[in-house]
Each structure stands twice: as structure tokens, then as C-alpha cells.
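Asker: Data: query09.csv, CSV, C-alpha atoms.
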chain,number,residue,atom,x,y,z
C,167,MET,CA,-54.9,-26.2,-62.3
C,168,VAL,CA,-58.6,-25.3,-62.2
C,169,LYS,CA,-60.7,-28.2,-61.1
C,170,ARG,CA,-63.6,-29.3,-63.3
C,171,ALA,CA,-66.8,-30.8,-61.9
C,172,LEU,CA,-69.7,-32.4,-63.7
C,173,ILE,CA,-73.2,-32.1,-62.1
C,174,THR,CA,-76.1,-34.3,-63.2
C,175,GLY,CA,-79.4,-32.7,-62.1
C,176,VAL,CA,-77.8,-29.2,-62.3
C,177,THR,CA,-81.2,-27.6,-62.8
C,178,GLY,CA,-82.6,-29.0,-59.6
C,179,GLN,CA,-82.5,-27.5,-56.1
C,180,ASP,CA,-79.3,-29.2,-55.0
C,181,GLY,CA,-77.7,-28.9,-58.4
C,182,SER,CA,-78.2,-25.1,-58.5
C,183,TYR,CA,-76.8,-24.6,-55.0
C,184,LEU,CA,-73.8,-26.9,-55.7
C,185,ALA,CA,-73.0,-25.1,-58.9
C,186,GLU,CA,-73.0,-21.8,-57.1
C,187,PHE,CA,-70.7,-23.3,-54.3
C,188,LEU,CA,-68.3,-24.8,-56.8
C,189,LEU,CA,-68.1,-21.6,-58.9
C,190,GLU,CA,-67.2,-19.7,-55.7
C,191,LYS,CA,-64.4,-22.3,-55.1
C,192,GLY,CA,-63.0,-21.5,-58.6
C,193,TYR,CA,-64.2,-24.7,-60.3
C,194,GLU,CA,-65.2,-25.0,-63.9
C,195,VAL,CA,-68.7,-26.4,-63.8
C,196,ILE,CA,-70.4,-28.6,-66.4
C,197,GLY,CA,-74.1,-29.3,-65.9
C,198,MET,CA,-75.6,-32.3,-67.6
C,199,VAL,CA,-79.1,-31.8,-68.9
C,200,ARG,CA,-81.5,-34.0,-70.8
C,201,ARG,CA,-82.3,-32.9,-74.3
C,202,THR,CA,-86.0,-31.9,-74.0
C,203,SER,CA,-88.1,-28.9,-75.0
C,204,THR,CA,-89.3,-28.4,-71.4
C,205,VAL,CA,-86.0,-28.0,-69.4
C,206,ASN,CA,-86.5,-25.5,-66.6
C,207,PHE,CA,-83.4,-23.3,-66.1
C,208,GLU,CA,-85.1,-21.0,-63.5
C,209,ARG,CA,-82.9,-22.1,-60.7
C,210,ILE,CA,-79.6,-21.5,-62.5
C,211,LYS,CA,-80.5,-18.6,-64.7
C,212,HIS,CA,-78.4,-16.2,-62.6
C,213,ILE,CA,-75.3,-18.4,-63.2
C,214,GLN,CA,-76.1,-19.9,-66.5
C,215,ASP,CA,-73.5,-17.9,-68.3
C,216,LYS,CA,-70.8,-19.1,-65.9
C,217,ILE,CA,-71.4,-22.9,-66.4
C,218,THR,CA,-71.2,-25.2,-69.4
C,219,LEU,CA,-74.3,-27.2,-70.3
C,220,ALA,CA,-73.8,-30.6,-71.8
C,221,SER,CA,-76.5,-32.9,-73.2
C,222,GLY,CA,-76.8,-36.3,-71.5
C,223,ASP,CA,-79.3,-38.6,-70.0
C,224,LEU,CA,-79.1,-41.2,-67.1
C,225,VAL,CA,-81.0,-43.7,-69.2
C,226,ASP,CA,-78.4,-43.5,-72.1
C,227,GLN,CA,-74.9,-44.6,-71.1
C,228,VAL,CA,-73.4,-43.6,-74.4
C,229,SER,CA,-74.4,-40.0,-73.8
C,230,ILE,CA,-72.8,-40.1,-70.4
C,231,ILE,CA,-69.6,-41.5,-71.8
C,232,ASP,CA,-69.5,-38.8,-74.5
C,233,VAL,CA,-69.9,-36.1,-71.8
C,234,LEU,CA,-67.1,-37.5,-69.7
C,235,ARG,CA,-64.8,-37.8,-72.7
C,236,GLU,CA,-65.5,-34.3,-74.0
C,237,HIS,CA,-65.2,-32.5,-70.7
C,238,ARG,CA,-62.9,-34.7,-68.6
C,239,PRO,CA,-64.1,-33.7,-65.1
C,240,ASP,CA,-62.1,-34.3,-62.0
C,241,GLU,CA,-65.3,-34.8,-60.0
C,242,VAL,CA,-68.8,-36.0,-60.8
C,243,TYR,CA,-71.8,-35.3,-58.6
C,244,ASN,CA,-74.8,-37.5,-59.5
C,245,LEU,CA,-77.8,-35.5,-58.3
C,246,ALA,CA,-80.2,-36.3,-61.1
C,247,ALA,CA,-83.1,-38.7,-60.2
C,248,GLN,CA,-86.8,-39.1,-60.3
C,249,SER,CA,-86.9,-37.7,-56.8
C,250,PHE,CA,-90.5,-37.2,-55.8
C,251,VAL,CA,-91.6,-40.1,-53.6
C,252,PRO,CA,-95.4,-40.0,-54.5
C,253,THR,CA,-94.5,-40.2,-58.2
C,254,SER,CA,-92.4,-43.3,-57.6
C,255,TRP,CA,-95.7,-45.1,-56.7
C,256,SER,CA,-97.3,-44.1,-60.0
C,257,GLN,CA,-94.1,-44.5,-62.1
C,258,PRO,CA,-92.1,-47.3,-60.3
C,259,VAL,CA,-90.4,-48.6,-63.4
C,260,LEU,CA,-89.2,-45.2,-64.5
C,261,THR,CA,-88.0,-44.5,-61.0
C,262,GLY,CA,-85.9,-47.6,-61.0
C,263,GLU,CA,-84.6,-46.9,-64.5
C,264,VAL,CA,-83.4,-43.4,-63.6
C,265,THR,CA,-82.8,-43.4,-59.8
C,266,ALA,CA,-81.3,-46.9,-59.6
C,267,LEU,CA,-79.9,-48.0,-62.9
C,268,GLY,CA,-78.9,-44.4,-63.8
C,269,VAL,CA,-76.2,-44.6,-61.0
C,270,THR,CA,-74.8,-47.8,-62.6
C,271,ARG,CA,-74.5,-46.1,-66.0
C,272,VAL,CA,-72.6,-43.1,-64.5
C,273,LEU,CA,-70.3,-45.3,-62.5
C,274,ASP,CA,-69.6,-47.6,-65.4
C,275,ALA,CA,-69.0,-44.7,-67.7
C,276,ILE,CA,-66.4,-43.4,-65.2
C,277,ARG,CA,-64.8,-46.9,-65.1
C,278,ILE,CA,-64.5,-46.9,-68.9
C,279,VAL,CA,-63.4,-43.3,-69.5
C,280,ASP,CA,-61.3,-42.4,-66.4
C,281,PRO,CA,-61.3,-44.4,-63.2
C,282,THR,CA,-59.5,-41.5,-61.4
C,283,ILE,CA,-62.6,-39.3,-61.5
C,284,LYS,CA,-64.1,-38.8,-58.0
C,285,PHE,CA,-67.8,-39.7,-57.8
C,286,TYR,CA,-70.5,-38.5,-55.4
C,287,GLN,CA,-73.9,-40.3,-55.2
C,288,ALA,CA,-76.9,-38.6,-53.7
C,289,SER,CA,-78.3,-41.2,-51.4
C,290,SER,CA,-81.4,-40.5,-49.3
C,291,SER,CA,-82.7,-40.9,-45.8
C,292,GLU,CA,-85.8,-42.5,-47.5
C,293,MET,CA,-83.6,-45.6,-47.7
C,294,PHE,CA,-84.1,-46.1,-43.9
C,295,GLY,CA,-87.9,-46.1,-44.3
C,296,LYS,CA,-89.3,-48.2,-41.6
C,297,VAL,CA,-86.5,-47.3,-39.3
C,298,ARG,CA,-84.7,-50.0,-37.2
C,299,GLU,CA,-83.2,-47.5,-34.8
C,300,ALA,CA,-83.3,-43.8,-34.0
C,301,PRO,CA,-81.4,-41.7,-34.8
C,302,GLN,CA,-80.1,-43.3,-38.0
C,303,ASN,CA,-76.4,-43.4,-38.9
C,304,GLU,CA,-74.1,-44.9,-41.5
C,305,ASN,CA,-74.6,-48.4,-40.0
C,306,THR,CA,-78.4,-48.4,-39.6
C,307,PRO,CA,-80.0,-51.1,-41.8
C,308,PHE,CA,-82.1,-50.0,-44.7
C,309,TYR,CA,-85.8,-50.7,-44.9
C,310,PRO,CA,-87.2,-48.6,-47.8
C,311,ARG,CA,-91.0,-48.0,-47.9
C,312,SER,CA,-91.4,-46.6,-51.5
C,313,PRO,CA,-90.2,-47.4,-55.0
C,314,TYR,CA,-88.1,-44.3,-54.7
C,315,GLY,CA,-86.5,-45.5,-51.4
C,316,VAL,CA,-85.8,-49.0,-53.0
C,317,ALA,CA,-84.2,-47.3,-56.1
C,318,LYS,CA,-82.0,-45.2,-53.8
C,319,VAL,CA,-80.8,-48.3,-51.9
C,320,TYR,CA,-79.8,-49.9,-55.2
C,321,GLY,CA,-77.9,-46.7,-56.2
C,322,HIS,CA,-76.2,-46.6,-52.8
C,323,TRP,CA,-75.0,-50.2,-52.9
C,324,ILE,CA,-73.9,-50.2,-56.5
C,325,THR,CA,-71.7,-47.2,-55.5
C,326,VAL,CA,-70.2,-49.2,-52.7
C,327,ASN,CA,-69.8,-52.2,-55.1
C,328,TYR,CA,-67.9,-50.1,-57.7
C,329,ARG,CA,-65.7,-48.6,-55.0
C,330,GLU,CA,-64.7,-52.0,-53.6
C,331,SER,CA,-64.6,-53.8,-57.0
C,332,TYR,CA,-62.8,-51.3,-59.1
C,333,GLY,CA,-61.1,-49.0,-56.6
C,334,LEU,CA,-63.1,-45.9,-57.7
C,335,PHE,CA,-63.2,-42.9,-55.4
C,336,ALA,CA,-66.9,-43.2,-55.0
C,337,CYS,CA,-68.9,-42.2,-52.0
C,338,SER,CA,-72.5,-41.6,-51.0
C,339,GLY,CA,-74.0,-38.8,-49.0
C,340,ILE,CA,-77.1,-40.1,-47.1
C,341,LEU,CA,-78.8,-36.8,-47.0
C,342,PHE,CA,-81.9,-36.2,-44.8
C,343,ASN,CA,-84.6,-33.8,-46.0
C,344,HIS,CA,-83.1,-30.5,-47.1
C,345,GLU,CA,-85.2,-27.6,-48.4
C,346,SER,CA,-85.0,-24.1,-49.7
C,347,PRO,CA,-87.0,-21.5,-51.6
C,348,ARG,CA,-85.8,-23.4,-54.7
C,349,ARG,CA,-87.6,-26.6,-53.7
C,350,GLY,CA,-90.2,-27.9,-56.1
C,351,LEU,CA,-93.8,-27.0,-55.2
C,352,GLU,CA,-94.8,-30.7,-55.2
C,353,PHE,CA,-92.7,-31.3,-52.0
C,354,SER,CA,-94.5,-30.9,-48.7
C,355,THR,CA,-92.4,-28.2,-47.2
C,356,HIS,CA,-92.7,-25.8,-50.2
C,357,LYS,CA,-96.3,-26.8,-50.7
C,358,VAL,CA,-97.0,-25.6,-47.1
C,359,THR,CA,-95.1,-22.3,-47.3
C,360,TYR,CA,-96.4,-21.4,-50.7
C,361,ARG,CA,-100.0,-22.2,-49.9
C,362,ALA,CA,-99.7,-20.4,-46.6
C,363,ALA,CA,-98.5,-17.3,-48.4
C,364,ARG,CA,-101.3,-17.6,-51.0
C,365,ILE,CA,-103.8,-17.7,-48.1
C,366,LYS,CA,-102.2,-14.7,-46.5
C,367,LEU,CA,-102.7,-12.7,-49.7
C,368,GLY,CA,-106.3,-13.8,-50.1
C,369,LEU,CA,-105.4,-16.0,-53.2
C,370,ALA,CA,-106.5,-19.3,-51.5
C,371,ASN,CA,-108.3,-20.4,-48.4
C,372,GLU,CA,-107.2,-23.9,-47.6
C,373,LEU,CA,-104.3,-26.3,-47.7
C,374,ARG,CA,-104.9,-30.0,-48.2
C,375,MET,CA,-102.3,-32.4,-46.7
C,376,GLY,CA,-101.8,-36.0,-45.9
C,377,ASN,CA,-100.2,-37.5,-42.8
C,378,LEU,CA,-99.6,-34.6,-40.3
C,379,ASP,CA,-97.9,-36.9,-37.8
C,380,ALA,CA,-95.0,-37.9,-40.1
C,381,LYS,CA,-91.7,-36.5,-38.7
C,382,ARG,CA,-88.6,-35.5,-40.6
C,383,ASP,CA,-85.2,-34.1,-40.1
C,384,TRP,CA,-85.3,-30.9,-42.1
C,385,GLY,CA,-82.2,-28.8,-43.0
C,386,TYR,CA,-81.2,-26.2,-45.5
C,387,ALA,CA,-80.0,-27.3,-49.0
C,388,GLY,CA,-77.4,-24.6,-49.2
C,389,ASP,CA,-75.7,-26.2,-46.2
C,390,TYR,CA,-75.9,-29.8,-47.5
C,391,VAL,CA,-74.1,-29.2,-50.8
C,392,LYS,CA,-71.0,-28.2,-48.9
C,393,ALA,CA,-71.0,-31.6,-47.3
C,394,MET,CA,-71.1,-33.2,-50.8
C,395,TRP,CA,-68.0,-31.3,-51.8
C,396,LEU,CA,-66.2,-32.1,-48.5
C,397,MET,CA,-66.7,-35.8,-49.1
C,398,LEU,CA,-64.7,-35.7,-52.4
C,399,GLN,CA,-61.9,-33.7,-50.7
C,400,GLN,CA,-61.0,-36.5,-48.3
C,401,ASP,CA,-58.1,-38.9,-48.7
C,402,GLU,CA,-60.3,-42.0,-48.8
C,403,PRO,CA,-63.9,-42.4,-50.1
C,404,GLU,CA,-66.5,-43.1,-47.4
C,405,ASP,CA,-70.3,-42.7,-47.0
C,406,TYR,CA,-71.7,-40.1,-44.7
C,407,VAL,CA,-75.1,-39.2,-43.1
C,408,VAL,CA,-75.8,-35.5,-43.4
C,409,ALA,CA,-78.6,-34.3,-41.1
C,410,THR,CA,-79.4,-31.8,-38.4
C,411,GLY,CA,-80.2,-34.4,-35.7
C,412,LYS,CA,-83.5,-32.6,-34.9
C,413,THR,CA,-87.0,-33.8,-36.0
C,414,HIS,CA,-90.2,-32.0,-36.6
C,415,SER,CA,-93.7,-33.2,-37.6
C,416,VAL,CA,-95.6,-32.0,-40.6
C,417,ARG,CA,-98.1,-30.5,-38.1
C,418,GLU,CA,-95.2,-28.4,-36.6
C,419,LEU,CA,-94.3,-27.4,-40.2
C,420,CYS,CA,-97.8,-26.2,-40.9
C,421,GLU,CA,-98.0,-24.4,-37.5
C,422,LEU,CA,-94.7,-22.6,-38.0
C,423,ALA,CA,-95.3,-21.6,-41.6
C,424,PHE,CA,-98.7,-20.1,-40.9
C,425,SER,CA,-97.5,-18.4,-37.7
C,426,CYS,CA,-94.8,-16.7,-39.7
C,427,LEU,CA,-97.7,-14.9,-41.5
C,428,GLY,CA,-99.8,-14.3,-38.4
C,429,LEU,CA,-102.3,-17.1,-39.3
C,430,ASP,CA,-103.6,-20.0,-37.3
C,431,TRP,CA,-102.9,-23.2,-39.3
C,432,ARG,CA,-106.0,-24.9,-37.9
C,433,ASP,CA,-108.2,-22.5,-39.7
C,434,HIS,CA,-106.9,-23.6,-43.1
C,435,VAL,CA,-105.3,-27.1,-43.1
C,436,VAL,CA,-107.5,-30.0,-44.2
C,437,VAL,CA,-106.4,-33.7,-44.1
C,438,ASP,CA,-107.1,-35.3,-47.4
C,439,PRO,CA,-106.9,-39.1,-47.7
C,440,LYS,CA,-105.7,-38.9,-51.3
C,441,PHE,CA,-102.4,-37.5,-50.1
C,442,LEU,CA,-101.7,-40.5,-47.8
C,443,ARG,CA,-99.1,-42.9,-49.1
C,444,PRO,CA,-99.6,-46.7,-49.5
C,445,ALA,CA,-96.7,-47.2,-47.1
C,446,ASP,CA,-95.5,-44.2,-45.1
C,447,VAL,CA,-92.3,-43.4,-43.3
C,448,ASP,CA,-93.2,-42.3,-39.8
C,449,CYS,CA,-90.0,-40.7,-38.4
C,450,LEU,CA,-86.6,-39.9,-39.8
C,451,VAL,CA,-83.8,-38.3,-37.8
C,452,GLY,CA,-80.1,-38.5,-38.6
C,453,ASP,CA,-77.0,-38.8,-36.6
C,454,ALA,CA,-74.3,-36.8,-38.5
C,455,THR,CA,-71.5,-37.4,-35.9
C,456,LYS,CA,-69.2,-38.8,-38.6
C,457,ALA,CA,-69.8,-35.8,-40.9
C,458,ARG,CA,-69.0,-33.5,-38.0
C,459,THR,CA,-65.9,-35.2,-36.9
C,460,LYS,CA,-64.3,-36.3,-40.2
C,461,LEU,CA,-65.6,-33.5,-42.5
C,462,GLY,CA,-65.9,-30.7,-40.0
C,463,TRP,CA,-69.4,-30.1,-41.4
C,464,GLU,CA,-72.2,-28.4,-39.4
C,465,PRO,CA,-75.6,-27.1,-40.4
C,466,THR,CA,-75.8,-23.3,-40.1
C,467,VAL,CA,-79.6,-22.7,-40.7
C,468,THR,CA,-82.2,-23.7,-38.2
C,469,PHE,CA,-85.5,-25.2,-39.0
C,470,GLU,CA,-87.3,-22.0,-37.9
C,471,GLU,CA,-84.9,-19.9,-40.0
C,472,LEU,CA,-85.4,-22.2,-43.0
C,473,ILE,CA,-89.2,-22.0,-42.9
C,474,GLN,CA,-89.1,-18.2,-42.4
C,475,MET,CA,-86.8,-17.9,-45.4
C,476,MET,CA,-89.2,-20.0,-47.6
C,477,VAL,CA,-92.3,-18.1,-46.5
C,478,ASP,CA,-90.7,-14.7,-47.1
C,479,ALA,CA,-89.5,-15.8,-50.6
C,480,ASP,CA,-93.0,-17.2,-51.5
C,481,LEU,CA,-94.7,-14.1,-50.3
C,482,GLU,CA,-92.4,-11.9,-52.4
C,483,THR,CA,-92.8,-14.1,-55.5
C,484,LEU,CA,-96.6,-14.1,-55.2
C,485,LYS,CA,-96.8,-10.3,-54.7
C,486,ARG,CA,-94.7,-9.8,-57.8
C,487,GLU,CA,-96.7,-12.3,-59.9
C,488,ASN,CA,-100.0,-10.9,-58.8
C,489,HIS,CA,-99.0,-7.2,-58.8
C,490,LEU,CA,-99.8,-6.8,-55.1
C,491,GLY,CA,-98.2,-4.1,-53.0
Spell out the structure here as C-alpha cells.

Answerer:
Amino acid sequence: MVKRALITGVTGQDGSYLAEFLLEKGYEVIGMVRRTSTVNFERIKHIQDKITLASGDLVDQVSIIDVLREHRPDEVYNLAAQSFVPTSWSQPVLTGEVTALGVTRVLDAIRIVDPTIKFYQASSSEMFGKVREAPQNENTPFYPRSPYGVAKVYGHWITVNYRESYGLFACSGILFNHESPRRGLEFSTHKVTYRAARIKLGLANELRMGNLDAKRDWGYAGDYVKAMWLMLQQDEPEDYVVATGKTHSVRELCELAFSCLGLDWRDHVVVDPKFLRPADVDCLVGDATKARTKLGWEPTVTFEELIQMMVDADLETLKRENHLG
């Protein structure tokens, strides 16, 4: 029988890569989208005719129940969230409503409709926040430093709670930063590669950034969605850290992106205090030993290859949009 998967957040970076991956595996894919006049299907337009879109919202449990009853998925991947950390400071209540309580609504809908559905929750390295140890693994204590991180901790633990209380096959992937050319422009990695490309083409002359000393473990989103799928193929539900195990600073990110274009980042990058967070996370680096040994998962794209990929994509997009040769 053909497996059926429901993806919340299907129009996002991870959702689009996961939908592609599952289609290649022969799945029937249902993407849950909010009923709104401004839904952006750009990331899935090349596969939109191959997936089924269903109207539902993480703040409305009845809509989630309706989607589950109509489509009867074997697997549910909950990728939808208010996922931009800076926005969680200006909209903390909305972030909690969607990113935290939204997880409970999906889990409870599964409990009500069909407890045999396998559930994946997109947890985040931002849960570690003010890290207690380095590198971070599945047993590292959480110390979130933003409303987003706090909401993700709630989503993580409610997933554990439903697994242990109701016997659901529910697991969380604690994913460290993962990027791609499909990343939103508000995120630092894409902000850097896109602005660097604009500067190279003479369309801008500076890039304003916040904390250049912050360090992250950056991987490729296309690699990370495979780990999501692998978690739901195991005999028992468990939580896994997914990371490269290597860390780079925002300064290194800037240096690499500009050097890909033959530019010196120091001529263009300006530190702007307005981009500094009220409480920042200094350094995140993951230990994915469990994912390697139990899932057989390994990242295939290096940090350098990832940034080159993003710079090249941005350069081509900008040339096309601005009719440049």
C-alpha cells in the first residue's frame, strides 16, 4: 500500500524539501496550509500538482481533526511554526500559541482520530540556548533564551508526554541550524548571501548585521529532512539531535559569502545595534552520534558547499529579476 504523509508547514523551506523527498519515496503527500489570501507557494510550485493541499490551522484543533479524518495519513510531520527568533520577541504570545500549543493540538487530534499515526515534531537547537555543555546531545539540559526557544521546549516536552502517556509513536528531531537557497530572507544566512550578491551586482553597498561573534552549527536542509523520515521508520519512537558537529561564527559566514564573490566582507558589513537580541545564544554545536549510529544518517553537504550554493542561487535570481547579463 502507498503510504500517506501529512506535512504542516509544507510551504516552508523544510516542508518543501520533505515533500520532494517523500514523493521520491512513493508517498502520497498532503500539505496543510492556512486559509489566507497571502499564502506563498513559491517553494512548492514545481511539485504543487503532485501533492494535495488541505486547509487547516495550528490554532484551530477542529480543522486539524477534519484534515486527519479526511485524509487518514500514516505519518504526520509537524513543521509549521512561528519560526523566526527575532519575531518571537515582538510577538511572544502568538509564538506560544502556534509554536507551543499548536503541537498539543496536533497530538491531541491524532489521539482522537487515530492513535496509530506516527508523529514527528520539529524541535530546535534554540532550546539549548545558554548551553550547559558543548557539544549538545539528547541529554543536554534546555535553557532557552527567546520566546521561540521557550515555545519549542514546550512542544518538545508535550511530544514526550503524549508518547509516554498515550503510547503514541511520537518523536522529536532536535535540528540545529539548516539552510538552503529556499531559506527566508529574514534569516541571517540568507540575508548574508543575498545581500552579498546584491553588492556584487552593484544593487547595494552595505550589509547591516547584529552579533558577529555568535556561533552556529549550520547544515543543509535537504540533508536534514531525510533524518526526519528515518526517525519515523524505526521500531520505537525516540528523540534525536541532527547536526554537523561543526561550528562557525556569523563573521566566518560573512567572510565566506563575500569571498565566494571575490569581495572583502570588511568593506561592506556594518554592525547595527538594532539587530542585537535582548538575550542572545552565543554558541550552538550538536552531537549527532545517536542519529549516525541508530538512523545511519550523515550530512552530505559541507558548510562551504552550502554557502556557495546559496550565493550562486541568489546571484542567478538577482540577475534574472534585474535583467542583468

Asker: For the interface of region 220-286 of chain C with region 168-171 of chain C (cut-off 6 Å, counting all atoms listed in the file), please tabulate each contacting residue of region 220-286 of chain C alongside its nearest pair of atoms and their separation in Å to one decimal, rows sorted by chain and increasing number, as JSON lines.

Answerer:
{"residue": "C:Pro239", "atom": "CA", "partner": "C:Arg170", "partner_atom": "CA", "distance": 4.8}
{"residue": "C:Asp240", "atom": "CA", "partner": "C:Arg170", "partner_atom": "CA", "distance": 5.4}
{"residue": "C:Glu241", "atom": "CA", "partner": "C:Ala171", "partner_atom": "CA", "distance": 4.7}
{"residue": "C:Val242", "atom": "CA", "partner": "C:Ala171", "partner_atom": "CA", "distance": 5.7}

Asker: Which is closer to Gly222 (chain C) than all the others in C:Glu186, C:Glu236, C:Asp480, C:Glu421, using all atoms listed in the file?

Answerer: C:Glu236

Asker: Have a look at CA of Ala370 (chain C) and CA of Asp383 (chain C) and let me know their distance in Å, one decimal.

Answerer: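 Atom-to-atom, CA of Ala370 (chain C) to CA of Asp383 (chain C), that is 28.3 Å.
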
Asker: Please, what distance in Å, to one decimal, runs between CA of Gly339 (chain C) and CA of Thr466 (chain C)?

Answerer: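 So the answer is 18.0 Å.
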
Asker: To one decimal place, how far is CA of Cys420 (chain C) from CA of Asn343 (chain C) in Å?

Answerer: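 Separating CA of Cys420 (chain C) from CA of Asn343 (chain C) is a distance of 16.1 Å.
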
Asker: Between C:Val195, C:Leu334, C:Met375, C:Ile283, which one has atoms that come closest to Glu402 (chain C), using all atoms listed in the file?

Answerer: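 Nearest to Glu402 (chain C): C:Leu334.
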
Asker: Which is closer to Tyr314 (chain C) than all the others in C:Gln248, C:Ser291, C:Ser331, C:Ser346, using all atoms listed in the file?

Answerer: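 Closest residue, counting all atoms listed in the file: C:Gln248.
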
Asker: Name the closest residue to Ser415 (chain C) among the candidates C:Lys440, C:His434, C:His237, C:Lys381; distances are taken between atoms, counting all atoms listed in the file.

Answerer: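 That would be C:Lys381, the residue with the smallest distance to Ser415 (chain C).
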
Asker: What are the closest atom pairs, with distances in Å to one decimal, for all residues of region 220-308 of chain C lying within 8 Å of region 315-320 of chain C? Consider only C-alpha atoms, order rows by chain and residue number, and present the result as CSV.

Answerer:
residue,atom,partner,partner_atom,distance
C:Val251,CA,C:Gly315,CA,7.7
C:Thr261,CA,C:Ala317,CA,6.8
C:Gly262,CA,C:Ala317,CA,5.2
C:Thr265,CA,C:Ala317,CA,5.6
C:Ala266,CA,C:Ala317,CA,4.6
C:Leu267,CA,C:Tyr320,CA,7.9
C:Ser289,CA,C:Lys318,CA,6.0
C:Ser290,CA,C:Lys318,CA,6.5
C:Glu292,CA,C:Gly315,CA,5.0
C:Met293,CA,C:Gly315,CA,4.7
C:Phe294,CA,C:Gly315,CA,7.9
C:Gly295,CA,C:Gly315,CA,7.3
C:Phe308,CA,C:Val319,CA,7.5

Asker: Between C:His322, C:Lys485, C:Lys284, C:Arg271, which one has atoms that come closest to Val228 (chain C), using only C-alpha atoms?

Answerer: C:Arg271

Asker: Show me, as number ranges by chain, the residues that have an atom within 12 Å of Asp433 (chain C) when counting only C-alpha atoms, minus same-chain residues fewer than 6 positions from it.

Answerer: C: 362, 365-366, 371-374, 420-421, 424-425

Asker: Find the residue from C:Glu470, C:Asp405, C:Asp379, C:Glu482 that sits nearest to Val437 (chain C); use all atoms listed in the file when measuring.

Answerer: C:Asp379

Asker: Excluding same-chain residues fewer than 2 positions from Lys296 (chain C), what lies within 8 Å of it counting only C-alpha atoms, as a PyMOL selection string?

Answerer: chain C and resi 294+298+309-311+447-448

Asker: Could I get region 304-322 of chain C rebuilt with N, CA and C atoms, written as a PDB file, keeping the file's coordinate frame?

Answerer:
ATOM      1  N   GLU C 304     -74.655 -44.225 -40.365  1.00  0.00           N
ATOM      2  CA  GLU C 304     -74.100 -44.900 -41.500  1.00  0.00           C
ATOM      3  C   GLU C 304     -74.290 -46.457 -41.423  1.00  0.00           C
ATOM      4  N   ASN C 305     -74.467 -46.968 -40.214  1.00  0.00           N
ATOM      5  CA  ASN C 305     -74.600 -48.400 -40.000  1.00  0.00           C
ATOM      6  C   ASN C 305     -75.996 -48.912 -39.791  1.00  0.00           C
ATOM      7  N   THR C 306     -76.958 -48.000 -39.813  1.00  0.00           N
ATOM      8  CA  THR C 306     -78.400 -48.400 -39.600  1.00  0.00           C
ATOM      9  C   THR C 306     -78.847 -49.176 -40.841  1.00  0.00           C
ATOM     10  N   PRO C 307     -79.490 -50.338 -40.644  1.00  0.00           N
ATOM     11  CA  PRO C 307     -80.000 -51.100 -41.800  1.00  0.00           C
ATOM     12  C   PRO C 307     -81.079 -50.361 -42.547  1.00  0.00           C
ATOM     13  N   PHE C 308     -81.116 -50.587 -43.845  1.00  0.00           N
ATOM     14  CA  PHE C 308     -82.100 -50.000 -44.700  1.00  0.00           C
ATOM     15  C   PHE C 308     -83.410 -50.798 -44.719  1.00  0.00           C
ATOM     16  N   TYR C 309     -84.539 -50.092 -44.799  1.00  0.00           N
ATOM     17  CA  TYR C 309     -85.800 -50.700 -44.900  1.00  0.00           C
ATOM     18  C   TYR C 309     -86.755 -49.782 -45.689  1.00  0.00           C
ATOM     19  N   PRO C 310     -86.486 -49.590 -46.990  1.00  0.00           N
ATOM     20  CA  PRO C 310     -87.200 -48.600 -47.800  1.00  0.00           C
ATOM     21  C   PRO C 310     -88.710 -48.892 -47.863  1.00  0.00           C
ATOM     22  N   ARG C 311     -89.514 -47.823 -47.925  1.00  0.00           N
ATOM     23  CA  ARG C 311     -91.000 -48.000 -47.900  1.00  0.00           C
ATOM     24  C   ARG C 311     -91.631 -47.356 -49.153  1.00  0.00           C
ATOM     25  N   SER C 312     -90.867 -47.169 -50.210  1.00  0.00           N
ATOM     26  CA  SER C 312     -91.400 -46.600 -51.500  1.00  0.00           C
ATOM     27  C   SER C 312     -90.523 -47.096 -52.606  1.00  0.00           C
ATOM     28  N   PRO C 313     -91.034 -47.125 -53.841  1.00  0.00           N
ATOM     29  CA  PRO C 313     -90.200 -47.400 -55.000  1.00  0.00           C
ATOM     30  C   PRO C 313     -88.969 -46.498 -55.062  1.00  0.00           C
ATOM     31  N   TYR C 314     -89.167 -45.234 -54.679  1.00  0.00           N
ATOM     32  CA  TYR C 314     -88.100 -44.300 -54.700  1.00  0.00           C
ATOM     33  C   TYR C 314     -86.985 -44.732 -53.664  1.00  0.00           C
ATOM     34  N   GLY C 315     -87.404 -45.092 -52.456  1.00  0.00           N
ATOM     35  CA  GLY C 315     -86.500 -45.500 -51.400  1.00  0.00           C
ATOM     36  C   GLY C 315     -85.712 -46.793 -51.868  1.00  0.00           C
ATOM     37  N   VAL C 316     -86.436 -47.723 -52.504  1.00  0.00           N
ATOM     38  CA  VAL C 316     -85.800 -49.000 -53.000  1.00  0.00           C
ATOM     39  C   VAL C 316     -84.767 -48.626 -54.063  1.00  0.00           C
ATOM     40  N   ALA C 317     -85.110 -47.723 -54.986  1.00  0.00           N
ATOM     41  CA  ALA C 317     -84.200 -47.300 -56.100  1.00  0.00           C
ATOM     42  C   ALA C 317     -82.936 -46.674 -55.467  1.00  0.00           C
ATOM     43  N   LYS C 318     -83.116 -45.851 -54.444  1.00  0.00           N
ATOM     44  CA  LYS C 318     -82.000 -45.200 -53.800  1.00  0.00           C
ATOM     45  C   LYS C 318     -81.061 -46.197 -53.105  1.00  0.00           C
ATOM     46  N   VAL C 319     -81.663 -47.254 -52.528  1.00  0.00           N
ATOM     47  CA  VAL C 319     -80.800 -48.300 -51.900  1.00  0.00           C
ATOM     48  C   VAL C 319     -79.977 -48.978 -52.948  1.00  0.00           C
ATOM     49  N   TYR C 320     -80.560 -49.263 -54.108  1.00  0.00           N
ATOM     50  CA  TYR C 320     -79.800 -49.900 -55.200  1.00  0.00           C
ATOM     51  C   TYR C 320     -78.621 -48.928 -55.584  1.00  0.00           C
ATOM     52  N   GLY C 321     -78.933 -47.639 -55.790  1.00  0.00           N
ATOM     53  CA  GLY C 321     -77.900 -46.700 -56.200  1.00  0.00           C
ATOM     54  C   GLY C 321     -76.794 -46.594 -55.130  1.00  0.00           C
ATOM     55  N   HIS C 322     -77.181 -46.692 -53.863  1.00  0.00           N
ATOM     56  CA  HIS C 322     -76.200 -46.600 -52.800  1.00  0.00           C
ATOM     57  C   HIS C 322     -75.267 -47.835 -52.820  1.00  0.00           C
TER      58      HIS C 322
END
